[in-house]
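K.L.:
Before anything else, here's the structure in question.
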Amino acid sequence: MPRIPFVPLRGDIVTDVLVVGAGVSGALVAEALSGEHRVTIVDRRGPVLGSTPASTALVEYEIDTPLTLLAEKIGREKAEQAWRRSYLALHALAARTRDLGIRADLRRADNLYLAGNVLDADGLAREAAARRRAGIETKFLPRRALKERFGIARPAALLAYDDVALDPRRLTAGYLNAAIGRGARLFAPADVTDVEAGSGGVVARTAGGPVIRCKALLFATGYEMPHSVPQRRHQVISTWAIATRPQPRNLWPEDCFIWEAADPYLYLRSTPDGRVICGGEDEEFSDDAARDALIPKKTAAIARKLGRMFPQLDTTPEFAWAGAFGSTATGLPSIGAVPGMPNCHAVLGFGGNGITYARIAADVIAGALSGRHDPDADLYAFKRTRATR
Ligand SMILES: Cc1cc2nc3c(=O)[nH]c(=O)nc-3n(C[C@H](O)[C@H](O)[C@H](O)COP(=O)(O)OP(=O)(O)OC[C@H]3O[C@@H](n4cnc5c(N)ncnc54)[C@H](O)[C@@H]3O)c2cc1C
C-alpha cells in the first residue's frame, strides 16, 4: 500500500470540514471536498484500519436488495432510481480513480447471480425484466445455458455486466493522498469522543484533550457510529471470508464474480494471481472477540460450500478473516445531515456495497457542503419521505 502521511493530533485545530474516519468512505468524501474546503481527517486507529481492508472488494452496482424486492418495499420508481444511481456511481468511481491516476488494480468483471432461496428461477426471470425496464442490461440464463457456459448446476442465473474488482487498501490510500495533495491534513490516532453541534459550527473533543473546531463534521466511522446518530433502521453484521492459494488453472470460465440469491449467501471472485476470495455466513454482530472466535468454524463452512460449487478447486483457506459492516432492511444506506445535530453529516449502513455507496456519499455530502443539491439525496437521507423509508 502506498505511504499515507499522517501525524498524531497534539493540539487544538480549526478547519472547515472535519471527516471522522479514514476508511474508504472518509477518503472518497475528503477527496471530493478538498480543494474547495479546508479538510481535516482524523482516525482513532490510523488510515485504512477499519472494515475497508477486510473488504473482499466485489464492487458492484447490484445492491443487496434485488430490484423487484426493493420495489415492493419503497415503490418501483424509487427502487429504479436507487439501482440506476448505483450503476452510475460504479462507473463514476472507476472514471475518477483513473483520472486521479490511482493504481488500485481495477479490472472489469461480469457478475453471475445464482438462483437461491431469495430468488428462484422465476424470481430471477422477473428480476431480469425489471432491471432491463430500468435500462440496465441483464441476461437471464436458464439451467442448461448456465451449465454449458459456466459449468454450474443451478436452476438459473442472471448475468450482469461491468462490475469492478479492485484493491480496497490501495484505492483508499490513493484517495486520501489525493486529498492530502490538495491541502487536507490527516491526524491519527485521534479519537473523537464528544461532539457539540450548533448552528454556528461544531466542536469535536478528542481523547487526550485536543479540540477541533469546524464549520461542518462528517461521521464516516463505519460500523462504530456514535449514539447521537439515529440508527433505528440499522443493524451491524459480522461476515467472514477466505482466500485460497493461487490456482489460475482451476478457475471457472470467464473469471466473473459469483453471488447467490440466497440467505445465507456465498459470494466469490478471483484475484489477478488466481486465488479465490470467497465470503459469506453473515450474522448479527455481537463483539469483535466473539466474531473472531468463530473464524475457524465459519471459514470452514465457506470452504465446504465453495468446494461443492467447484469440486476442482483447492478450497483450503490460505488466509481467513472476519469483519463487520452496517446494514439496513432496504439495502439502502443512510447518507446526509444528522437530524438534531446542525452542521453534522453521516454515512452509514453500507451493507455489501460499501465501496459503491462511498462514491454516492462523496457526491451527496460534497454537494450538500458546496451548495449543490444532489437529485438523489432524498433516497438516502436520514429523514426520508414516507415513500423511501
Ligand atoms: C469481510 C468484508 C467483506 C466485504 N465485502 C465487500 C465487497 O465485496 N464490496 C463492497 O462494496 N463492500 C464490501 N464490504 C463492505 C465495505 O468494506 C465497507 O462498507 C466499507 O469498507 C466501509 O468503509 P467505511 O470507510 O465506511 O468504514 P471503515 O473502513 O470501518 O472506516 C471507519 C474508520 O473510522 C474510524 N473511527 C471510528 N470511530 C471513530 C472515532 N470516534 N474517532 C475517530 N475515528 C473513528 C475507524 O478507526 C475506522 O478506521 C465488506 C466488508 C467486510 C467486513
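Quick note on naming: the chains in the C-alpha cells go A, B, ... in the order shown, residues restart at 1 in each chain, and ligands are numbered from 1 in order of appearance.
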What does the list of residues within 6 Å of ligand 1 look like if you count only C-alpha atoms and all ligand atoms, written as a CSV table (one decimal) with N, CA and C atoms, in the first residue's frame?

P.N.:
```csv
chain,number,residue,atom,x,y,z
A,20,VAL,N,-14.5,12.4,10.2
A,20,VAL,CA,-14.1,11.4,11.3
A,20,VAL,C,-14.1,10.0,10.7
A,21,GLY,N,-12.9,9.4,10.4
A,21,GLY,CA,-12.8,8.1,9.9
A,21,GLY,C,-12.1,8.1,8.6
A,22,ALA,N,-11.0,7.4,8.5
A,22,ALA,CA,-10.1,7.3,7.3
A,22,ALA,C,-10.2,5.9,6.7
A,23,GLY,N,-11.5,5.5,6.4
A,23,GLY,CA,-11.7,4.3,5.6
A,23,GLY,C,-12.1,4.8,4.2
A,24,VAL,N,-12.7,3.9,3.4
A,24,VAL,CA,-13.0,4.3,2.0
A,24,VAL,C,-14.0,5.4,2.0
A,25,SER,N,-15.0,5.4,2.9
A,25,SER,CA,-16.0,6.5,2.9
A,25,SER,C,-15.3,7.8,3.1
A,26,GLY,N,-14.6,7.9,4.3
A,26,GLY,CA,-13.9,9.2,4.6
A,26,GLY,C,-13.0,9.6,3.5
A,42,VAL,N,-9.6,12.6,10.7
A,42,VAL,CA,-9.0,12.0,11.9
A,42,VAL,C,-9.4,10.6,11.9
A,43,ASP,N,-8.6,9.8,12.6
A,43,ASP,CA,-9.0,8.4,12.8
A,43,ASP,C,-8.4,7.9,14.1
A,44,ARG,N,-9.2,7.1,14.8
A,44,ARG,CA,-8.8,6.7,16.2
A,44,ARG,C,-7.7,5.6,16.1
A,45,ARG,N,-7.6,4.9,15.0
A,45,ARG,CA,-6.6,3.9,14.8
A,45,ARG,C,-5.5,4.4,13.9
A,47,PRO,N,-5.1,5.3,9.2
A,47,PRO,CA,-5.8,5.2,8.0
A,47,PRO,C,-5.9,3.7,7.5
A,48,VAL,N,-7.1,3.4,7.0
A,48,VAL,CA,-7.4,2.1,6.3
A,48,VAL,C,-7.1,0.9,7.3
A,49,LEU,N,-7.7,1.1,8.5
A,49,LEU,CA,-7.6,0.0,9.5
A,49,LEU,C,-8.9,-0.4,10.1
A,50,GLY,N,-10.0,0.1,9.5
A,50,GLY,CA,-11.4,-0.4,9.9
A,50,GLY,C,-11.8,-1.5,9.0
A,51,SER,N,-13.1,-1.5,8.6
A,51,SER,CA,-13.6,-2.6,7.7
A,51,SER,C,-13.0,-2.6,6.3
A,52,THR,N,-12.6,-1.4,5.9
A,52,THR,CA,-12.1,-1.3,4.5
A,52,THR,C,-11.1,-2.3,4.1
A,54,ALA,N,-10.6,-5.2,5.2
A,54,ALA,CA,-11.2,-6.6,5.2
A,54,ALA,C,-12.1,-6.8,4.0
A,55,SER,N,-12.4,-5.8,3.2
A,55,SER,CA,-13.4,-5.9,2.2
A,55,SER,C,-12.9,-6.9,1.1
A,56,THR,N,-13.8,-7.7,0.6
A,56,THR,CA,-13.5,-8.7,-0.5
A,56,THR,C,-13.5,-7.9,-1.8
A,57,ALA,N,-14.0,-6.7,-1.8
A,57,ALA,CA,-14.0,-5.8,-2.9
A,57,ALA,C,-14.5,-6.3,-4.2
A,58,LEU,N,-15.7,-6.9,-4.2
A,58,LEU,CA,-16.5,-7.1,-5.4
A,58,LEU,C,-17.3,-5.8,-5.4
A,59,VAL,N,-16.9,-4.9,-6.3
A,59,VAL,CA,-17.5,-3.6,-6.3
A,59,VAL,C,-18.6,-3.6,-7.3
A,190,ALA,N,-6.4,9.9,16.6
A,190,ALA,CA,-7.3,11.0,17.1
A,190,ALA,C,-8.7,10.4,17.2
A,191,ASP,N,-9.1,10.2,18.5
A,191,ASP,CA,-10.4,9.5,18.8
A,191,ASP,C,-11.4,10.6,19.2
A,192,VAL,N,-12.4,10.8,18.3
A,192,VAL,CA,-13.4,11.8,18.6
A,192,VAL,C,-14.4,11.2,19.7
A,193,THR,N,-14.4,11.8,20.8
A,193,THR,CA,-15.2,11.2,21.9
A,193,THR,C,-16.5,12.0,22.2
A,220,ALA,N,-17.7,9.4,9.3
A,220,ALA,CA,-17.5,8.3,8.3
A,220,ALA,C,-16.9,7.1,9.1
A,221,THR,N,-17.5,6.8,10.2
A,221,THR,CA,-16.9,5.9,11.2
A,221,THR,C,-17.3,4.4,11.0
A,222,GLY,N,-17.8,4.1,9.9
A,222,GLY,CA,-18.1,2.7,9.6
A,222,GLY,C,-19.1,2.2,10.5
A,224,GLU,N,-18.9,1.8,13.7
A,224,GLU,CA,-18.7,2.3,15.0
A,224,GLU,C,-19.4,3.7,15.0
A,239,THR,N,-19.2,-10.7,9.2
A,239,THR,CA,-19.1,-11.5,7.9
A,239,THR,C,-17.7,-12.1,7.9
A,240,TRP,N,-17.5,-13.2,7.2
A,240,TRP,CA,-16.3,-14.0,7.2
A,240,TRP,C,-15.9,-14.2,5.7
A,241,ALA,N,-14.5,-14.3,5.6
A,241,ALA,CA,-14.0,-14.5,4.2
A,241,ALA,C,-12.8,-15.4,4.2
A,322,ALA,N,-12.3,-12.0,9.4
A,322,ALA,CA,-13.7,-11.6,9.7
A,322,ALA,C,-13.8,-10.1,9.7
A,323,GLY,N,-14.9,-9.5,9.5
A,323,GLY,CA,-15.1,-8.1,9.6
A,323,GLY,C,-16.6,-7.7,9.9
A,324,ALA,N,-16.8,-6.5,10.0
A,324,ALA,CA,-18.2,-6.0,10.3
A,324,ALA,C,-18.6,-4.9,9.3
A,325,PHE,N,-19.9,-4.9,9.0
A,325,PHE,CA,-20.4,-3.7,8.3
A,325,PHE,C,-21.9,-3.5,8.7
A,350,PHE,N,-23.8,0.5,5.1
A,350,PHE,CA,-23.4,0.3,3.7
A,350,PHE,C,-23.6,-1.1,3.2
A,351,GLY,N,-23.9,-2.1,4.0
A,351,GLY,CA,-24.1,-3.4,3.5
A,351,GLY,C,-23.0,-3.9,2.7
A,352,GLY,N,-23.3,-4.8,1.7
A,352,GLY,CA,-22.3,-5.4,0.9
A,352,GLY,C,-21.8,-4.5,-0.2
A,353,ASN,N,-22.3,-3.3,-0.3
A,353,ASN,CA,-22.0,-2.4,-1.4
A,353,ASN,C,-21.2,-1.1,-0.9
A,354,GLY,N,-20.4,-1.3,0.2
A,354,GLY,CA,-19.8,-0.2,0.9
A,354,GLY,C,-19.0,0.7,-0.1
A,355,ILE,N,-18.3,0.1,-1.1
A,355,ILE,CA,-17.4,0.9,-1.9
A,355,ILE,C,-18.2,1.7,-2.9
A,356,THR,N,-19.2,1.1,-3.5
A,356,THR,CA,-20.1,1.8,-4.4
A,356,THR,C,-20.8,3.0,-3.6
```

K.L.:
List every residue of stretch 158-242 of chain A that DSSP, applied to the backbone of this structure, places in helix (DSSP H, G or I), and write the result as a VMD selection string.

P.N.:
chain A and resid 168 to 181

K.L.:
Given only C-alpha atoms as the basis, pick out the residue of A:Asp162, A:Glu284, A:Asp314, A:Asp110 nearest to A:Gly326.

P.N.:
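Selected residue with least distance to A:Gly326: A:Glu284.
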
K.L.:
Each residue of stretch 220-288 of chain A lying at most 12 Å from stretch 64-74 of chain A should get a row with its shortest atom-to-atom pair and the distance in Å to one decimal, counting only C-alpha atoms; could you produce that, ordered by chain and increasing number, as CSV?

P.N.:
```
residue,atom,partner,partner_atom,distance
A:Trp259,CA,A:Asp64,CA,10.4
A:Glu260,CA,A:Asp64,CA,10.8
A:Ala261,CA,A:Pro66,CA,8.7
A:Ala262,CA,A:Asp64,CA,10.8
A:Asp263,CA,A:Asp64,CA,11.1
A:Tyr265,CA,A:Asp64,CA,10.9
A:Tyr267,CA,A:Asp64,CA,11.7
```

K.L.:
Can you pull out the residues contacting A:Ala173? Cut-off 8 Å, using only C-alpha atoms, and skip same-chain residues under 6 positions away; I want them as a VMD selection string.

P.N.:
chain A and resid 1 to 4 27 47 to 48

K.L.:
Near A:Gly101, counting only C-alpha atoms, which residues have an atom at most 12 Å away, once you skip same-chain residues fewer than 3 positions from it, shown as number ranges by chain?

P.N.:
A: 94-98, 104-106, 170-171, 174-175, 177-178

K.L.:
Would you put the residues from that selection into a file with N, CA and C atoms, as a PDB file, in the first residue's frame?

P.N.:
```
ATOM      1  N   ALA A  94     -14.946   4.344 -11.106  1.00  0.00           N
ATOM      2  CA  ALA A  94     -13.864   3.849 -11.981  1.00  0.00           C
ATOM      3  C   ALA A  94     -13.230   5.007 -12.755  1.00  0.00           C
ATOM      4  N   ALA A  95     -14.079   5.918 -13.255  1.00  0.00           N
ATOM      5  CA  ALA A  95     -13.566   7.023 -14.071  1.00  0.00           C
ATOM      6  C   ALA A  95     -12.710   7.975 -13.224  1.00  0.00           C
ATOM      7  N   ARG A  96     -13.212   8.315 -12.028  1.00  0.00           N
ATOM      8  CA  ARG A  96     -12.454   9.278 -11.208  1.00  0.00           C
ATOM      9  C   ARG A  96     -11.140   8.655 -10.731  1.00  0.00           C
ATOM     10  N   THR A  97     -11.179   7.376 -10.403  1.00  0.00           N
ATOM     11  CA  THR A  97      -9.962   6.698  -9.940  1.00  0.00           C
ATOM     12  C   THR A  97      -8.901   6.741 -11.043  1.00  0.00           C
ATOM     13  N   ARG A  98      -9.354   6.499 -12.264  1.00  0.00           N
ATOM     14  CA  ARG A  98      -8.423   6.546 -13.413  1.00  0.00           C
ATOM     15  C   ARG A  98      -7.901   7.973 -13.605  1.00  0.00           C
ATOM     16  N   ALA A 104      -5.088   0.981  -8.259  1.00  0.00           N
ATOM     17  CA  ALA A 104      -5.738   0.124  -7.269  1.00  0.00           C
ATOM     18  C   ALA A 104      -6.127  -1.218  -7.898  1.00  0.00           C
ATOM     19  N   ASP A 105      -5.390  -1.629  -8.923  1.00  0.00           N
ATOM     20  CA  ASP A 105      -5.643  -2.920  -9.591  1.00  0.00           C
ATOM     21  C   ASP A 105      -7.087  -3.072 -10.063  1.00  0.00           C
ATOM     22  N   LEU A 106      -7.672  -1.996 -10.564  1.00  0.00           N
ATOM     23  CA  LEU A 106      -9.060  -2.067 -11.040  1.00  0.00           C
ATOM     24  C   LEU A 106      -9.168  -2.966 -12.269  1.00  0.00           C
ATOM     25  N   ARG A 170      -5.374   0.038  -1.546  1.00  0.00           N
ATOM     26  CA  ARG A 170      -4.716   0.978  -2.475  1.00  0.00           C
ATOM     27  C   ARG A 170      -5.681   2.076  -2.919  1.00  0.00           C
ATOM     28  N   LEU A 171      -6.942   1.680  -3.142  1.00  0.00           N
ATOM     29  CA  LEU A 171      -7.944   2.672  -3.549  1.00  0.00           C
ATOM     30  C   LEU A 171      -8.061   3.767  -2.487  1.00  0.00           C
ATOM     31  N   GLY A 174      -5.047   5.919  -2.146  1.00  0.00           N
ATOM     32  CA  GLY A 174      -4.956   6.832  -3.287  1.00  0.00           C
ATOM     33  C   GLY A 174      -5.842   8.043  -3.117  1.00  0.00           C
ATOM     34  N   TYR A 175      -7.082   7.823  -2.648  1.00  0.00           N
ATOM     35  CA  TYR A 175      -7.997   8.967  -2.446  1.00  0.00           C
ATOM     36  C   TYR A 175      -7.529   9.839  -1.271  1.00  0.00           C
ATOM     37  N   ASN A 177      -4.457  10.253  -0.309  1.00  0.00           N
ATOM     38  CA  ASN A 177      -3.279  11.004  -0.775  1.00  0.00           C
ATOM     39  C   ASN A 177      -3.672  12.106  -1.760  1.00  0.00           C
ATOM     40  N   ALA A 178      -4.714  11.864  -2.559  1.00  0.00           N
ATOM     41  CA  ALA A 178      -5.175  12.915  -3.476  1.00  0.00           C
ATOM     42  C   ALA A 178      -5.711  14.095  -2.665  1.00  0.00           C
TER      43      ALA A 178
END
```

K.L.:
Just give me the gap between atom CA of A:Ala361 and atom CA of A:Glu31 in Å, one decimal is fine.

P.N.:
11.6 Å

K.L.:
Here is a test: counting only C-alpha atoms, which residue of A:Arg108, A:Gln235, A:Pro296, A:Ala204 is nearest to A:Leu217?

P.N.:
A:Ala204

K.L.:
Which one of A:Pro248, A:Leu18, A:Ile41, A:Ala79 sits closest to A:Asp376 if you count only C-alpha atoms?

P.N.:
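Closest to A:Asp376 of all the choices is A:Ala79.
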
K.L.:
Nearest residue to A:Val19 out of A:Ala184, A:Asp374, A:Leu124, A:Glu60, using only C-alpha atoms?

P.N.:
A:Ala184

K.L.:
From a DSSP calculation on the backbone, collect every residue of stretch 234-375 of chain A in strand (DSSP E) and output the set as number ranges by chain.

P.N.:
A: 234-243, 257-260, 266-270, 276-284, 319-328, 334-337, 344-348

K.L.:
Which polymer residues have any atom within 12 Å of an atom of A:Ala157, counting only C-alpha atoms, with same-chain residues fewer than 4 positions away left out, as a ChimeraX atom specification?

P.N.:
/A:111-116,119-128,138-147,149-150,152-153,258-261

K.L.:
Create the file for the chosen residues now, containing C-alpha atoms and written as a CSV table (one decimal), in the first residue's frame.

P.N.:
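File written: out-v1.csv
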```csv
chain,number,residue,atom,x,y,z
A,111,ASN,CA,-21.4,-10.9,-12.3
A,112,LEU,CA,-23.3,-14.2,-12.1
A,113,TYR,CA,-26.2,-14.1,-9.7
A,114,LEU,CA,-27.3,-17.7,-8.9
A,115,ALA,CA,-30.9,-18.8,-8.1
A,116,GLY,CA,-31.4,-19.5,-4.4
A,119,LEU,CA,-35.0,-15.5,-5.8
A,120,ASP,CA,-35.7,-18.8,-7.5
A,121,ALA,CA,-35.6,-19.2,-11.3
A,122,ASP,CA,-39.0,-17.5,-11.8
A,123,GLY,CA,-37.9,-14.7,-9.4
A,124,LEU,CA,-34.7,-14.2,-11.4
A,125,ALA,CA,-36.7,-14.0,-14.7
A,126,ARG,CA,-38.8,-11.2,-13.1
A,127,GLU,CA,-35.7,-9.5,-11.8
A,128,ALA,CA,-34.1,-9.6,-15.2
A,138,THR,CA,-29.0,-8.1,-17.7
A,139,LYS,CA,-29.1,-11.6,-19.2
A,140,PHE,CA,-31.2,-14.5,-17.8
A,141,LEU,CA,-29.5,-17.9,-18.1
A,142,PRO,CA,-31.8,-20.9,-17.6
A,143,ARG,CA,-30.3,-24.1,-16.1
A,144,ARG,CA,-28.9,-25.5,-19.4
A,145,ALA,CA,-27.2,-22.4,-20.6
A,146,LEU,CA,-25.7,-21.8,-17.1
A,147,LYS,CA,-24.3,-25.4,-17.1
A,149,ARG,CA,-21.3,-21.7,-20.2
A,150,PHE,CA,-20.1,-21.8,-16.6
A,152,ILE,CA,-22.6,-24.6,-12.6
A,153,ALA,CA,-25.6,-26.8,-11.8
A,258,ILE,CA,-20.4,-15.1,-8.4
A,259,TRP,CA,-23.1,-14.3,-5.9
A,260,GLU,CA,-26.0,-16.3,-4.6
A,261,ALA,CA,-29.6,-15.0,-4.4
```

K.L.:
From the set A:Leu93, A:Ala197, A:Val7, A:Ala134, which residue has the shortest atom-to-atom contact distance to A:Ala32, counting only C-alpha atoms?

P.N.:
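Looking at the shortest contact to A:Ala32, the residue is A:Leu93.
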
K.L.:
From the options A:Ala377, A:Leu9, A:Cys278, A:Leu218, which residue's atoms come nearest to A:Val347, counting only C-alpha atoms?

P.N.:
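Using only C-alpha atoms, A:Val347 sits closest to A:Leu218.
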
K.L.:
Need the shell around A:Ser370: protein/DNA/RNA residues with any atom at most 9 Å away, counting only C-alpha atoms. Skip same-chain ones fewer than 5 positions apart. Format as a list in words?

P.N.:
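Within the cut-off, the hits are Leu33, Glu36, His37 and Ile365 of chain A.
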
K.L.:
Would you compute the distance between atom CA of A:Thr315 and atom CA of A:Val276? Give it in Å to one decimal.

P.N.:
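Separation of atom CA of A:Thr315 and atom CA of A:Val276: 8.2 Å.
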
K.L.:
Can you tell me which residues surround A:Arg38 at a distance of at most 8 Å, considering only C-alpha atoms, apart from same-chain residues fewer than 6 positions away, and format the answer as a list in words?

P.N.:
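Non-adjacent residues within range: Thr15, Asp16, Val17, Gly183 and Ala184 of chain A.
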
K.L.:
Quick check, in Å to one decimal: how far apart do atom CA of A:Lys78 and atom CA of A:Cys344 lie?

P.N.:
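Atom CA of A:Cys344 lies at a distance of 25.8 Å from atom CA of A:Lys78.
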